[in-house]
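Enquirer: Here it is, the structure in full.
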Amino acid sequence: MTDAFIYDAARTPRGKGRPDGSLHEVTSLALSARLLNAVKERNNLDGHAVEDVIWGNVTQVKEQGGCLARSAVLASDLDERIPGLSINRFCASGMEAVNLAANQVKAGAGHGYIAGGVEMMGRVAMGSDGAAIAVDPGLAMRSYFVPQGISADIIATEYGFSRDEADALALESQRRAANAWEEGRFSKSIVPVLDQNGLTILDRDEYMRPGTTAEDLAKLKPAFKEMGEAMPGFDKVAMLKYPHLDRIDHIHHAGNSSGIVDGAAAVLIGNEEFGRAHGLKPRARIRATAKIGTDPTIMLTGPVPVTEKILQDSGMSIGDIDLIEVNEAFAAVVLRFMQAFQVDPAKVNVNGGAIAMGHPLGATGAIIIGTLLDELERQDKTVGLATLCIASGMGAATIIERV
């Protein structure tokens, strides 16, 4: 089996996912095509250089429906002979696109791929696809479905995390993200979004709130308390599943949960022959990939068992990992990961995360792989792990190694 290398990683800045956000008038198709063109131009690729474009996006309706990956190829400067595959593994869709492409390369099914994803949460609302896991009573009742915010609060209750701990993690995410931007740590990957006249619409993550204080966070009301305790009463659903809990501690709010944003990310993956053919130097090897299913009610614990799996499959330990990216879907997700592996917080989300910069669902998995690679290079480290929790109870992970 051949190696799969990362040759490039690029992303757009993340815009506020609402009508006053800078990217609100930019379609999912336009943002995807912009990024595909950027990867082509940055690497001097000919139009038919890659085997396929694998593109993750979660809410696959309206402008994000109809195999957006193929539409993006046709809207870009890539050759029409390149097909496109849209995939959905919820929050890990962008990572799964990268992992799928890497494993295709390893198996000899093509020399090169562009993989990543997009989510325009301000244009295509989360949940607007009417997913069965949430709305089909037969499935929702059997799986003890609760919204993700309730799941995050269950994690906090089960593993003993306080609101103060969650808020402290959120403040540190804001501090690290602001510092990363001030020091230009994202400059290698950022592709500014331009309008049709070539003028810059957005060149910086705009969701960040670097001036946030502990006092600011203390004023915020728990976001999921009412839906848990009043109608529709999801706390009772959770306690039916977990009868050892006599209550759910609602510690999450807008300030310690991931932001709703718009954004896209892409990773150029290929074998050694691909690099030689296009005069490219590999930046990292995709050493291992993994995915796993977990309890669908508590839902967001996936980073722990999938990390255990990928380490075991690779014959590695957590001590072999230099840097770690754990998607900040909610503060308790990261707190649980650090608790489970007793890892140094200084190694985790070095440049902040989705609490500070936002979580464009279909793109985030590819974003954190690129962020991890850039930081490994900046610190001259070797091995990195990226992992995400996933809706309905799953986890995904990728281990990369600089070459």
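Identifiers for the structure tokens are assigned positionally: chains receive A, B, ... in sequence, residues are indexed from 1 per chain, and ligands are indexed from 1 in the order shown.
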Sort by chain and increasing residue number a table of all residues of region 107-197 of chain A within 9 Å of region 331-334 of chain A, each with its closest pair of atoms and their distance in Å to one decimal, counting only C-alpha atoms, and write it as a Markdown table.
Expert:
```
| residue | atom | partner | partner_atom | distance |
| --- | --- | --- | --- | --- |
| A:Ala152 | CA | A:Ala332 | CA | 6.1 |
| A:Asp153 | CA | A:Ala332 | CA | 7.6 |
| A:Ile155 | CA | A:Ala332 | CA | 6.4 |
| A:Ala156 | CA | A:Ala332 | CA | 5.7 |
| A:Tyr159 | CA | A:Ala332 | CA | 8.9 |
| A:Phe161 | CA | A:Ala332 | CA | 7.0 |
| A:Glu165 | CA | A:Ala331 | CA | 8.5 |
| A:Ala166 | CA | A:Ala331 | CA | 5.2 |
| A:Asp167 | CA | A:Ala331 | CA | 7.7 |
| A:Leu169 | CA | A:Ala331 | CA | 6.5 |
| A:Ala170 | CA | A:Ala331 | CA | 6.7 |
```
Enquirer: Go ahead and save the picked residues with N, CA and C atoms, as a compact mmCIF listing (two decimals), in the first residue's frame.
Expert:
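Below is the file that was written, out.txt:
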```txt
# COMPACT_ATOMS: atom_id res chain seq x y z
N ALA A 152 -24.10 17.95 25.44
CA ALA A 152 -22.93 18.57 26.04
C ALA A 152 -23.11 18.77 27.54
N ASP A 153 -24.32 19.16 27.93
CA ASP A 153 -24.59 19.33 29.35
C ASP A 153 -24.62 17.99 30.09
N ILE A 155 -22.60 15.51 29.34
CA ILE A 155 -21.17 15.24 29.53
C ILE A 155 -20.66 16.00 30.75
N ALA A 156 -21.03 17.27 30.84
CA ALA A 156 -20.59 18.07 31.99
C ALA A 156 -21.08 17.46 33.30
N TYR A 159 -19.30 13.85 33.94
CA TYR A 159 -17.86 13.86 34.22
C TYR A 159 -17.43 14.99 35.14
N PHE A 161 -17.82 18.52 35.17
CA PHE A 161 -17.25 19.80 34.75
C PHE A 161 -18.17 20.95 35.14
N GLU A 165 -15.17 26.03 34.76
CA GLU A 165 -14.16 25.34 33.95
C GLU A 165 -14.45 25.51 32.46
N ALA A 166 -15.73 25.41 32.09
CA ALA A 166 -16.10 25.58 30.69
C ALA A 166 -15.82 27.00 30.22
N ASP A 167 -16.12 27.98 31.07
CA ASP A 167 -15.88 29.38 30.70
C ASP A 167 -14.38 29.67 30.61
N LEU A 169 -12.08 27.57 29.68
CA LEU A 169 -11.62 27.03 28.39
C LEU A 169 -12.02 27.96 27.25
N ALA A 170 -13.23 28.50 27.31
CA ALA A 170 -13.70 29.41 26.27
C ALA A 170 -12.85 30.67 26.21
```
Enquirer: Please report, as an mmCIF file with N, CA, C and O atoms, in the first residue's frame, each residue of region 52-267 of chain A to which DSSP assigns helix (DSSP H, G or I) when run on this structure's backbone.
Expert:
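Written out: states_32.cif:
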```
data_model
loop_
_atom_site.group_PDB
_atom_site.id
_atom_site.type_symbol
_atom_site.label_atom_id
_atom_site.label_comp_id
_atom_site.auth_asym_id
_atom_site.auth_seq_id
_atom_site.Cartn_x
_atom_site.Cartn_y
_atom_site.Cartn_z
ATOM 1 N N LYS A 62 -31.389 22.593 -0.580
ATOM 2 C CA LYS A 62 -31.326 23.910 -1.212
ATOM 3 C C LYS A 62 -30.003 24.058 -1.951
ATOM 4 O O LYS A 62 -29.616 23.175 -2.701
ATOM 5 N N GLU A 63 -29.288 25.147 -1.748
ATOM 6 C CA GLU A 63 -28.080 25.378 -2.538
ATOM 7 C C GLU A 63 -26.957 24.402 -2.186
ATOM 8 O O GLU A 63 -25.974 24.292 -2.926
ATOM 9 N N GLN A 64 -27.072 23.688 -1.065
ATOM 10 C CA GLN A 64 -26.061 22.705 -0.704
ATOM 11 C C GLN A 64 -26.475 21.286 -1.109
ATOM 12 O O GLN A 64 -25.791 20.318 -0.790
ATOM 13 N N LEU A 68 -23.279 18.896 -4.369
ATOM 14 C CA LEU A 68 -22.580 20.177 -4.434
ATOM 15 C C LEU A 68 -21.148 20.018 -4.910
ATOM 16 O O LEU A 68 -20.604 20.899 -5.587
ATOM 17 N N ALA A 69 -20.521 18.890 -4.603
ATOM 18 C CA ALA A 69 -19.141 18.663 -5.035
ATOM 19 C C ALA A 69 -19.015 18.734 -6.547
ATOM 20 O O ALA A 69 -18.094 19.378 -7.085
ATOM 21 N N ARG A 70 -19.910 18.078 -7.238
ATOM 22 C CA ARG A 70 -19.860 18.106 -8.706
ATOM 23 C C ARG A 70 -20.181 19.499 -9.232
ATOM 24 O O ARG A 70 -19.532 19.993 -10.172
ATOM 25 N N SER A 71 -21.160 20.163 -8.630
ATOM 26 C CA SER A 71 -21.483 21.524 -9.051
ATOM 27 C C SER A 71 -20.282 22.446 -8.869
ATOM 28 O O SER A 71 -20.005 23.304 -9.709
ATOM 29 N N ALA A 72 -19.550 22.263 -7.752
ATOM 30 C CA ALA A 72 -18.386 23.108 -7.492
ATOM 31 C C ALA A 72 -17.299 22.892 -8.523
ATOM 32 O O ALA A 72 -16.631 23.848 -8.953
ATOM 33 N N VAL A 73 -17.106 21.647 -8.942
ATOM 34 C CA VAL A 73 -16.123 21.374 -10.005
ATOM 35 C C VAL A 73 -16.512 22.121 -11.277
ATOM 36 O O VAL A 73 -15.689 22.787 -11.916
ATOM 37 N N LEU A 74 -17.766 22.031 -11.654
ATOM 38 C CA LEU A 74 -18.227 22.670 -12.886
ATOM 39 C C LEU A 74 -18.183 24.193 -12.791
ATOM 40 O O LEU A 74 -18.005 24.871 -13.808
ATOM 41 N N ALA A 75 -18.318 24.726 -11.592
ATOM 42 C CA ALA A 75 -18.261 26.179 -11.409
ATOM 43 C C ALA A 75 -16.835 26.692 -11.276
ATOM 44 O O ALA A 75 -16.611 27.909 -11.321
ATOM 45 N N SER A 93 -17.629 15.755 8.475
ATOM 46 C CA SER A 93 -17.712 15.566 7.026
ATOM 47 C C SER A 93 -16.438 15.991 6.310
ATOM 48 O O SER A 93 -15.954 15.301 5.409
ATOM 49 N N GLY A 94 -15.879 17.132 6.685
ATOM 50 C CA GLY A 94 -14.642 17.589 6.047
ATOM 51 C C GLY A 94 -13.480 16.673 6.326
ATOM 52 O O GLY A 94 -12.644 16.415 5.451
ATOM 53 N N MET A 95 -13.391 16.166 7.557
ATOM 54 C CA MET A 95 -12.338 15.202 7.885
ATOM 55 C C MET A 95 -12.549 13.889 7.161
ATOM 56 O O MET A 95 -11.597 13.284 6.640
ATOM 57 N N GLU A 96 -13.787 13.419 7.116
ATOM 58 C CA GLU A 96 -14.061 12.158 6.440
ATOM 59 C C GLU A 96 -13.739 12.249 4.952
ATOM 60 O O GLU A 96 -13.271 11.275 4.351
ATOM 61 N N ALA A 97 -13.966 13.430 4.350
ATOM 62 C CA ALA A 97 -13.589 13.618 2.951
ATOM 63 C C ALA A 97 -12.081 13.444 2.777
ATOM 64 O O ALA A 97 -11.617 12.776 1.834
ATOM 65 N N VAL A 98 -11.308 14.042 3.679
ATOM 66 C CA VAL A 98 -9.846 13.907 3.628
ATOM 67 C C VAL A 98 -9.433 12.459 3.853
ATOM 68 O O VAL A 98 -8.599 11.910 3.128
ATOM 69 N N ASN A 99 -10.021 11.827 4.858
ATOM 70 C CA ASN A 99 -9.656 10.442 5.157
ATOM 71 C C ASN A 99 -10.011 9.504 4.014
ATOM 72 O O ASN A 99 -9.251 8.585 3.683
ATOM 73 N N LEU A 100 -11.179 9.715 3.417
ATOM 74 C CA LEU A 100 -11.593 8.884 2.289
ATOM 75 C C LEU A 100 -10.642 9.058 1.117
ATOM 76 O O LEU A 100 -10.222 8.080 0.484
ATOM 77 N N ALA A 101 -10.282 10.306 0.829
ATOM 78 C CA ALA A 101 -9.340 10.561 -0.262
ATOM 79 C C ALA A 101 -7.995 9.908 0.019
ATOM 80 O O ALA A 101 -7.384 9.289 -0.866
ATOM 81 N N ALA A 102 -7.509 10.040 1.254
ATOM 82 C CA ALA A 102 -6.216 9.450 1.611
ATOM 83 C C ALA A 102 -6.238 7.933 1.445
ATOM 84 O O ALA A 102 -5.287 7.333 0.914
ATOM 85 N N ASN A 103 -7.320 7.312 1.878
ATOM 86 C CA ASN A 103 -7.393 5.856 1.779
ATOM 87 C C ASN A 103 -7.577 5.388 0.343
ATOM 88 O O ASN A 103 -7.125 4.292 -0.022
ATOM 89 N N GLN A 104 -8.207 6.211 -0.492
ATOM 90 C CA GLN A 104 -8.270 5.901 -1.930
ATOM 91 C C GLN A 104 -6.869 5.938 -2.539
ATOM 92 O O GLN A 104 -6.492 5.057 -3.317
ATOM 93 N N VAL A 105 -6.102 6.954 -2.180
ATOM 94 C CA VAL A 105 -4.733 7.057 -2.685
ATOM 95 C C VAL A 105 -3.909 5.871 -2.214
ATOM 96 O O VAL A 105 -3.160 5.254 -2.988
ATOM 97 N N LYS A 106 -4.013 5.533 -0.925
ATOM 98 C CA LYS A 106 -3.257 4.409 -0.382
ATOM 99 C C LYS A 106 -3.583 3.104 -1.107
ATOM 100 O O LYS A 106 -2.724 2.241 -1.282
ATOM 101 N N ALA A 132 -34.016 12.408 10.026
ATOM 102 C CA ALA A 132 -34.840 11.406 10.705
ATOM 103 C C ALA A 132 -34.442 11.211 12.157
ATOM 104 O O ALA A 132 -35.294 10.970 13.014
ATOM 105 N N ILE A 133 -33.139 11.318 12.460
ATOM 106 C CA ILE A 133 -32.677 11.090 13.825
ATOM 107 C C ILE A 133 -33.374 12.029 14.807
ATOM 108 O O ILE A 133 -33.558 11.692 15.978
ATOM 109 N N ALA A 134 -33.795 13.201 14.318
ATOM 110 C CA ALA A 134 -34.429 14.185 15.199
ATOM 111 C C ALA A 134 -35.948 14.217 15.078
ATOM 112 O O ALA A 134 -36.631 14.533 16.059
ATOM 113 N N VAL A 135 -36.478 13.900 13.892
ATOM 114 C CA VAL A 135 -37.910 14.149 13.665
ATOM 115 C C VAL A 135 -38.750 12.894 13.482
ATOM 116 O O VAL A 135 -39.978 12.966 13.547
ATOM 117 N N PRO A 137 -40.363 9.928 15.010
ATOM 118 C CA PRO A 137 -40.586 9.483 16.396
ATOM 119 C C PRO A 137 -40.099 8.068 16.661
ATOM 120 O O PRO A 137 -39.598 7.774 17.748
ATOM 121 N N GLY A 138 -40.237 7.183 15.664
ATOM 122 C CA GLY A 138 -39.810 5.803 15.858
ATOM 123 C C GLY A 138 -38.333 5.698 16.178
ATOM 124 O O GLY A 138 -37.924 4.929 17.049
ATOM 125 N N LEU A 139 -37.523 6.483 15.493
ATOM 126 C CA LEU A 139 -36.077 6.467 15.730
ATOM 127 C C LEU A 139 -35.699 7.347 16.918
ATOM 128 O O LEU A 139 -34.889 6.957 17.762
ATOM 129 N N ALA A 140 -36.262 8.549 16.969
ATOM 130 C CA ALA A 140 -35.888 9.491 18.023
ATOM 131 C C ALA A 140 -36.199 8.938 19.411
ATOM 132 O O ALA A 140 -35.391 9.079 20.344
ATOM 133 N N MET A 141 -37.325 8.278 19.547
ATOM 134 C CA MET A 141 -37.687 7.739 20.859
ATOM 135 C C MET A 141 -36.842 6.523 21.196
ATOM 136 O O MET A 141 -36.398 6.358 22.340
ATOM 137 N N ARG A 142 -36.584 5.688 20.221
ATOM 138 C CA ARG A 142 -35.792 4.477 20.483
ATOM 139 C C ARG A 142 -34.346 4.807 20.825
ATOM 140 O O ARG A 142 -33.702 4.099 21.601
ATOM 141 N N GLN A 148 -27.913 18.473 20.625
ATOM 142 C CA GLN A 148 -26.499 18.397 20.985
ATOM 143 C C GLN A 148 -26.160 19.221 22.226
ATOM 144 O O GLN A 148 -25.281 18.833 23.011
ATOM 145 N N GLY A 149 -26.815 20.355 22.406
ATOM 146 C CA GLY A 149 -26.530 21.162 23.583
ATOM 147 C C GLY A 149 -26.864 20.435 24.865
ATOM 148 O O GLY A 149 -26.140 20.548 25.875
ATOM 149 N N ILE A 150 -27.945 19.684 24.849
ATOM 150 C CA ILE A 150 -28.291 18.858 26.000
ATOM 151 C C ILE A 150 -27.233 17.777 26.191
ATOM 152 O O ILE A 150 -26.814 17.475 27.316
ATOM 153 N N SER A 151 -26.784 17.184 25.098
ATOM 154 C CA SER A 151 -25.731 16.163 25.173
ATOM 155 C C SER A 151 -24.476 16.725 25.827
ATOM 156 O O SER A 151 -23.841 16.066 26.659
ATOM 157 N N ALA A 152 -24.103 17.946 25.437
ATOM 158 C CA ALA A 152 -22.926 18.573 26.040
ATOM 159 C C ALA A 152 -23.114 18.771 27.538
ATOM 160 O O ALA A 152 -22.183 18.553 28.331
ATOM 161 N N ASP A 153 -24.319 19.155 27.931
ATOM 162 C CA ASP A 153 -24.595 19.330 29.350
ATOM 163 C C ASP A 153 -24.615 17.987 30.087
ATOM 164 O O ASP A 153 -24.259 17.916 31.276
ATOM 165 N N ILE A 154 -25.018 16.925 29.407
ATOM 166 C CA ILE A 154 -24.943 15.594 30.012
ATOM 167 C C ILE A 154 -23.484 15.226 30.286
ATOM 168 O O ILE A 154 -23.147 14.684 31.347
ATOM 169 N N ILE A 155 -22.605 15.514 29.336
ATOM 170 C CA ILE A 155 -21.173 15.239 29.534
ATOM 171 C C ILE A 155 -20.662 15.995 30.754
ATOM 172 O O ILE A 155 -19.954 15.429 31.601
ATOM 173 N N ALA A 156 -21.032 17.268 30.844
ATOM 174 C CA ALA A 156 -20.593 18.069 31.992
ATOM 175 C C ALA A 156 -21.084 17.462 33.301
ATOM 176 O O ALA A 156 -20.339 17.404 34.296
ATOM 177 N N THR A 157 -22.327 16.996 33.304
ATOM 178 C CA THR A 157 -22.908 16.407 34.511
ATOM 179 C C THR A 157 -22.238 15.077 34.845
ATOM 180 O O THR A 157 -21.861 14.823 35.998
ATOM 181 N N GLU A 158 -22.082 14.244 33.835
ATOM 182 C CA GLU A 158 -21.534 12.900 34.034
ATOM 183 C C GLU A 158 -20.080 12.926 34.500
ATOM 184 O O GLU A 158 -19.669 12.130 35.360
ATOM 185 N N TYR A 159 -19.302 13.848 33.941
ATOM 186 C CA TYR A 159 -17.865 13.856 34.220
ATOM 187 C C TYR A 159 -17.429 14.986 35.140
ATOM 188 O O TYR A 159 -16.236 15.179 35.378
ATOM 189 N N ARG A 163 -19.374 25.107 35.276
ATOM 190 C CA ARG A 163 -19.473 26.230 34.343
ATOM 191 C C ARG A 163 -18.197 27.064 34.358
ATOM 192 O O ARG A 163 -17.761 27.542 33.309
ATOM 193 N N ASP A 164 -17.601 27.231 35.513
ATOM 194 C CA ASP A 164 -16.355 28.002 35.579
ATOM 195 C C ASP A 164 -15.256 27.358 34.737
ATOM 196 O O ASP A 164 -14.494 28.065 34.058
ATOM 197 N N GLU A 165 -15.170 26.028 34.764
ATOM 198 C CA GLU A 165 -14.159 25.335 33.948
ATOM 199 C C GLU A 165 -14.453 25.510 32.460
ATOM 200 O O GLU A 165 -13.541 25.734 31.654
ATOM 201 N N ALA A 166 -15.725 25.406 32.092
ATOM 202 C CA ALA A 166 -16.104 25.583 30.688
ATOM 203 C C ALA A 166 -15.819 27.005 30.221
ATOM 204 O O ALA A 166 -15.314 27.225 29.110
ATOM 205 N N ASP A 167 -16.124 27.979 31.068
ATOM 206 C CA ASP A 167 -15.877 29.376 30.705
ATOM 207 C C ASP A 167 -14.384 29.666 30.610
ATOM 208 O O ASP A 167 -13.948 30.437 29.738
ATOM 209 N N ALA A 168 -13.595 29.054 31.480
ATOM 210 C CA ALA A 168 -12.146 29.259 31.426
ATOM 211 C C ALA A 168 -11.580 28.727 30.117
ATOM 212 O O ALA A 168 -10.706 29.357 29.497
ATOM 213 N N LEU A 169 -12.079 27.570 29.675
ATOM 214 C CA LEU A 169 -11.622 27.030 28.391
ATOM 215 C C LEU A 169 -12.019 27.957 27.251
ATOM 216 O O LEU A 169 -11.242 28.190 26.316
ATOM 217 N N ALA A 170 -13.229 28.498 27.312
ATOM 218 C CA ALA A 170 -13.700 29.414 26.274
ATOM 219 C C ALA A 170 -12.847 30.675 26.210
ATOM 220 O O ALA A 170 -12.486 31.149 25.125
ATOM 221 N N LEU A 171 -12.523 31.235 27.350
ATOM 222 C CA LEU A 171 -11.677 32.432 27.382
ATOM 223 C C LEU A 171 -10.304 32.146 26.805
ATOM 224 O O LEU A 171 -9.736 32.969 26.079
ATOM 225 N N GLU A 172 -9.763 30.981 27.116
ATOM 226 C CA GLU A 172 -8.444 30.627 26.581
ATOM 227 C C GLU A 172 -8.508 30.428 25.072
ATOM 228 O O GLU A 172 -7.571 30.788 24.345
ATOM 229 N N SER A 173 -9.619 29.886 24.570
ATOM 230 C CA SER A 173 -9.788 29.746 23.120
ATOM 231 C C SER A 173 -9.775 31.114 22.450
ATOM 232 O O SER A 173 -9.125 31.311 21.417
ATOM 233 N N GLN A 174 -10.496 32.067 23.037
ATOM 234 C CA GLN A 174 -10.502 33.429 22.483
ATOM 235 C C GLN A 174 -9.101 34.037 22.508
ATOM 236 O O GLN A 174 -8.660 34.666 21.531
ATOM 237 N N ARG A 175 -8.397 33.851 23.614
ATOM 238 C CA ARG A 175 -7.053 34.427 23.732
ATOM 239 C C ARG A 175 -6.103 33.819 22.706
ATOM 240 O O ARG A 175 -5.350 34.530 22.038
ATOM 241 N N ARG A 176 -6.146 32.517 22.578
ATOM 242 C CA ARG A 176 -5.238 31.840 21.650
ATOM 243 C C ARG A 176 -5.555 32.190 20.198
ATOM 244 O O ARG A 176 -4.641 32.375 19.383
ATOM 245 N N ALA A 177 -6.844 32.268 19.864
ATOM 246 C CA ALA A 177 -7.222 32.613 18.489
ATOM 247 C C ALA A 177 -6.767 34.025 18.136
ATOM 248 O O ALA A 177 -6.224 34.265 17.048
ATOM 249 N N ALA A 178 -6.986 34.975 19.042
ATOM 250 C CA ALA A 178 -6.555 36.349 18.791
ATOM 251 C C ALA A 178 -5.039 36.419 18.626
ATOM 252 O O ALA A 178 -4.519 37.099 17.732
ATOM 253 N N ASN A 179 -4.317 35.687 19.466
ATOM 254 C CA ASN A 179 -2.861 35.665 19.381
ATOM 255 C C ASN A 179 -2.395 35.060 18.065
ATOM 256 O O ASN A 179 -1.441 35.558 17.437
ATOM 257 N N ALA A 180 -3.066 33.979 17.636
ATOM 258 C CA ALA A 180 -2.704 33.335 16.381
ATOM 259 C C ALA A 180 -2.866 34.283 15.197
ATOM 260 O O ALA A 180 -2.013 34.349 14.302
ATOM 261 N N TRP A 181 -3.957 35.037 15.188
ATOM 262 C CA TRP A 181 -4.169 35.993 14.106
ATOM 263 C C TRP A 181 -3.163 37.136 14.178
ATOM 264 O O TRP A 181 -2.630 37.579 13.154
ATOM 265 N N GLU A 182 -2.871 37.611 15.373
ATOM 266 C CA GLU A 182 -1.905 38.707 15.525
ATOM 267 C C GLU A 182 -0.520 38.302 15.027
ATOM 268 O O GLU A 182 0.209 39.114 14.447
ATOM 269 N N ALA A 214 -14.298 37.078 31.741
ATOM 270 C CA ALA A 214 -15.029 36.124 32.569
ATOM 271 C C ALA A 214 -16.356 36.717 33.025
ATOM 272 O O ALA A 214 -17.374 36.014 33.132
ATOM 273 N N GLU A 215 -16.352 38.015 33.290
ATOM 274 C CA GLU A 215 -17.582 38.691 33.707
ATOM 275 C C GLU A 215 -18.621 38.676 32.593
ATOM 276 O O GLU A 215 -19.824 38.510 32.855
ATOM 277 N N ASP A 216 -18.159 38.850 31.349
ATOM 278 C CA ASP A 216 -19.075 38.784 30.204
ATOM 279 C C ASP A 216 -19.748 37.415 30.127
ATOM 280 O O ASP A 216 -20.970 37.309 29.935
ATOM 281 N N LEU A 217 -18.953 36.370 30.265
ATOM 282 C CA LEU A 217 -19.495 35.018 30.158
ATOM 283 C C LEU A 217 -20.434 34.705 31.313
ATOM 284 O O LEU A 217 -21.438 33.999 31.136
ATOM 285 N N ALA A 218 -20.124 35.226 32.478
ATOM 286 C CA ALA A 218 -20.954 34.952 33.655
ATOM 287 C C ALA A 218 -22.365 35.499 33.504
ATOM 288 O O ALA A 218 -23.306 35.013 34.152
ATOM 289 N N LYS A 225 -31.062 25.188 29.034
ATOM 290 C CA LYS A 225 -31.772 24.909 30.286
ATOM 291 C C LYS A 225 -33.281 24.810 30.069
ATOM 292 O O LYS A 225 -33.931 23.885 30.546
ATOM 293 N N GLU A 226 -33.844 25.754 29.298
ATOM 294 C CA GLU A 226 -35.296 25.780 29.119
ATOM 295 C C GLU A 226 -35.780 24.567 28.337
ATOM 296 O O GLU A 226 -36.769 23.928 28.717
ATOM 297 N N MET A 227 -35.088 24.241 27.241
ATOM 298 C CA MET A 227 -35.530 23.077 26.464
ATOM 299 C C MET A 227 -35.303 21.783 27.234
ATOM 300 O O MET A 227 -35.936 20.766 26.950
ATOM 301 N N GLY A 228 -34.410 21.819 28.214
ATOM 302 C CA GLY A 228 -34.185 20.643 29.036
ATOM 303 C C GLY A 228 -35.205 20.499 30.136
ATOM 304 O O GLY A 228 -35.787 19.413 30.331
ATOM 305 N N GLU A 229 -35.483 21.592 30.843
ATOM 306 C CA GLU A 229 -36.318 21.508 32.035
ATOM 307 C C GLU A 229 -37.790 21.778 31.768
ATOM 308 O O GLU A 229 -38.659 21.252 32.468
ATOM 309 N N PHE A 234 -36.281 17.766 27.495
ATOM 310 C CA PHE A 234 -35.282 16.769 27.112
ATOM 311 C C PHE A 234 -34.501 16.216 28.305
ATOM 312 O O PHE A 234 -33.917 15.137 28.206
ATOM 313 N N ASP A 235 -34.457 16.942 29.414
ATOM 314 C CA ASP A 235 -33.755 16.405 30.583
ATOM 315 C C ASP A 235 -34.362 15.079 31.028
ATOM 316 O O ASP A 235 -33.645 14.143 31.405
ATOM 317 N N LYS A 236 -35.680 14.987 30.963
ATOM 318 C CA LYS A 236 -36.336 13.749 31.379
ATOM 319 C C LYS A 236 -36.000 12.604 30.430
ATOM 320 O O LYS A 236 -35.865 11.444 30.856
ATOM 321 N N VAL A 237 -35.852 12.922 29.134
ATOM 322 C CA VAL A 237 -35.423 11.899 28.174
ATOM 323 C C VAL A 237 -34.035 11.399 28.555
ATOM 324 O O VAL A 237 -33.765 10.187 28.573
ATOM 325 N N ALA A 238 -33.150 12.347 28.872
ATOM 326 C CA ALA A 238 -31.785 11.976 29.237
ATOM 327 C C ALA A 238 -31.762 11.126 30.503
ATOM 328 O O ALA A 238 -31.017 10.136 30.597
ATOM 329 N N MET A 239 -32.583 11.468 31.476
ATOM 330 C CA MET A 239 -32.566 10.722 32.739
ATOM 331 C C MET A 239 -33.250 9.357 32.622
ATOM 332 O O MET A 239 -32.984 8.451 33.416
ATOM 333 N N LEU A 240 -34.119 9.203 31.609
ATOM 334 C CA LEU A 240 -34.623 7.862 31.312
ATOM 335 C C LEU A 240 -33.493 6.975 30.800
ATOM 336 O O LEU A 240 -33.410 5.789 31.143
ATOM 337 N N LYS A 241 -32.607 7.566 30.001
ATOM 338 C CA LYS A 241 -31.470 6.815 29.460
ATOM 339 C C LYS A 241 -30.410 6.584 30.538
ATOM 340 O O LYS A 241 -29.769 5.532 30.577
#
```
Enquirer: Residues of region 348-380 of chain A that approach region 281-301 of chain A to 10 Å or less, counting only C-alpha atoms: could you list each one with the shortest pair of atoms and its distance in Å to one decimal, rows by chain and increasing residue number, as JSON lines?
Expert:
```
{"residue": "A:Leu373", "atom": "CA", "partner": "A:Ala284", "partner_atom": "CA", "distance": 7.5}
{"residue": "A:Asp374", "atom": "CA", "partner": "A:Arg283", "partner_atom": "CA", "distance": 9.4}
{"residue": "A:Leu376", "atom": "CA", "partner": "A:Ala284", "partner_atom": "CA", "distance": 9.7}
{"residue": "A:Glu377", "atom": "CA", "partner": "A:Arg283", "partner_atom": "CA", "distance": 8.7}
```
Enquirer: Could you dump the residues just selected with N, CA and C atoms as a PDB file, in the first residue's frame?
Expert:
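Listed below is the output, again19.pdb:
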```
ATOM      1  N   LEU A 373      -1.425  20.955  10.773  1.00  0.00           N
ATOM      2  CA  LEU A 373      -0.225  20.884   9.945  1.00  0.00           C
ATOM      3  C   LEU A 373       0.587  22.167  10.021  1.00  0.00           C
ATOM      4  N   ASP A 374      -0.076  23.296   9.908  1.00  0.00           N
ATOM      5  CA  ASP A 374       0.625  24.577   9.997  1.00  0.00           C
ATOM      6  C   ASP A 374       1.347  24.719  11.334  1.00  0.00           C
ATOM      7  N   LEU A 376       2.321  22.257  13.441  1.00  0.00           N
ATOM      8  CA  LEU A 376       3.446  21.325  13.504  1.00  0.00           C
ATOM      9  C   LEU A 376       4.673  21.920  12.821  1.00  0.00           C
ATOM     10  N   GLU A 377       4.456  22.541  11.679  1.00  0.00           N
ATOM     11  CA  GLU A 377       5.570  23.168  10.965  1.00  0.00           C
ATOM     12  C   GLU A 377       6.119  24.351  11.750  1.00  0.00           C
TER      13      GLU A 377
END
```
Enquirer: So that I can see what lies close to Asn43 (chain A), please list as a PyMOL selection string the residues with an atom at most 12 Å from it, counting only C-alpha atoms and leaving out residues fewer than 4 positions away in the same chain.
Expert: chain A and resi 7-10+36-39+47+49-50+114+267-269+274-275+277-282
Enquirer: If you count only C-alpha atoms, which residues fall within 10 Å of region 25-35 of chain A, apart from same-chain ones fewer than 3 positions away, as a PyMOL selection string?
Expert: chain A and resi 10-12+19-22+38-41+55+57+62-65+68-78+116-124+190-195+201+262-267
Enquirer: Please provide the set of residues having any atom within 8 Å of Cys67 (chain A), restricted to only C-alpha atoms, with same-chain residues fewer than 4 positions apart removed, written as an MDAnalysis selection string.
Expert: chainID A and resid 71 84:86
Enquirer: Find the residue from A:Gly184, A:Leu311, A:Gln339, A:Pro232 that sits nearest to Asp203 (chain A); use only C-alpha atoms when measuring.
Expert: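 Closest to Asp203 (chain A) of all the choices is A:Gly184.
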Enquirer: To one decimal place, how far is CA of Pro83 (chain A) from CA of Val53 (chain A) in Å?
Expert: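 We find that CA of Pro83 (chain A) and CA of Val53 (chain A) lie 6.6 Å from each other.
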Enquirer: Considering only strand (DSSP E) as DSSP defines it on the backbone, what residues of region 134-243 of chain A qualify? List them as a list in words.
Expert: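 The residues of region 134-243 of chain A classed as strand (DSSP E) are Val193, Leu194, Thr200, Ile201 and Leu202 of chain A.
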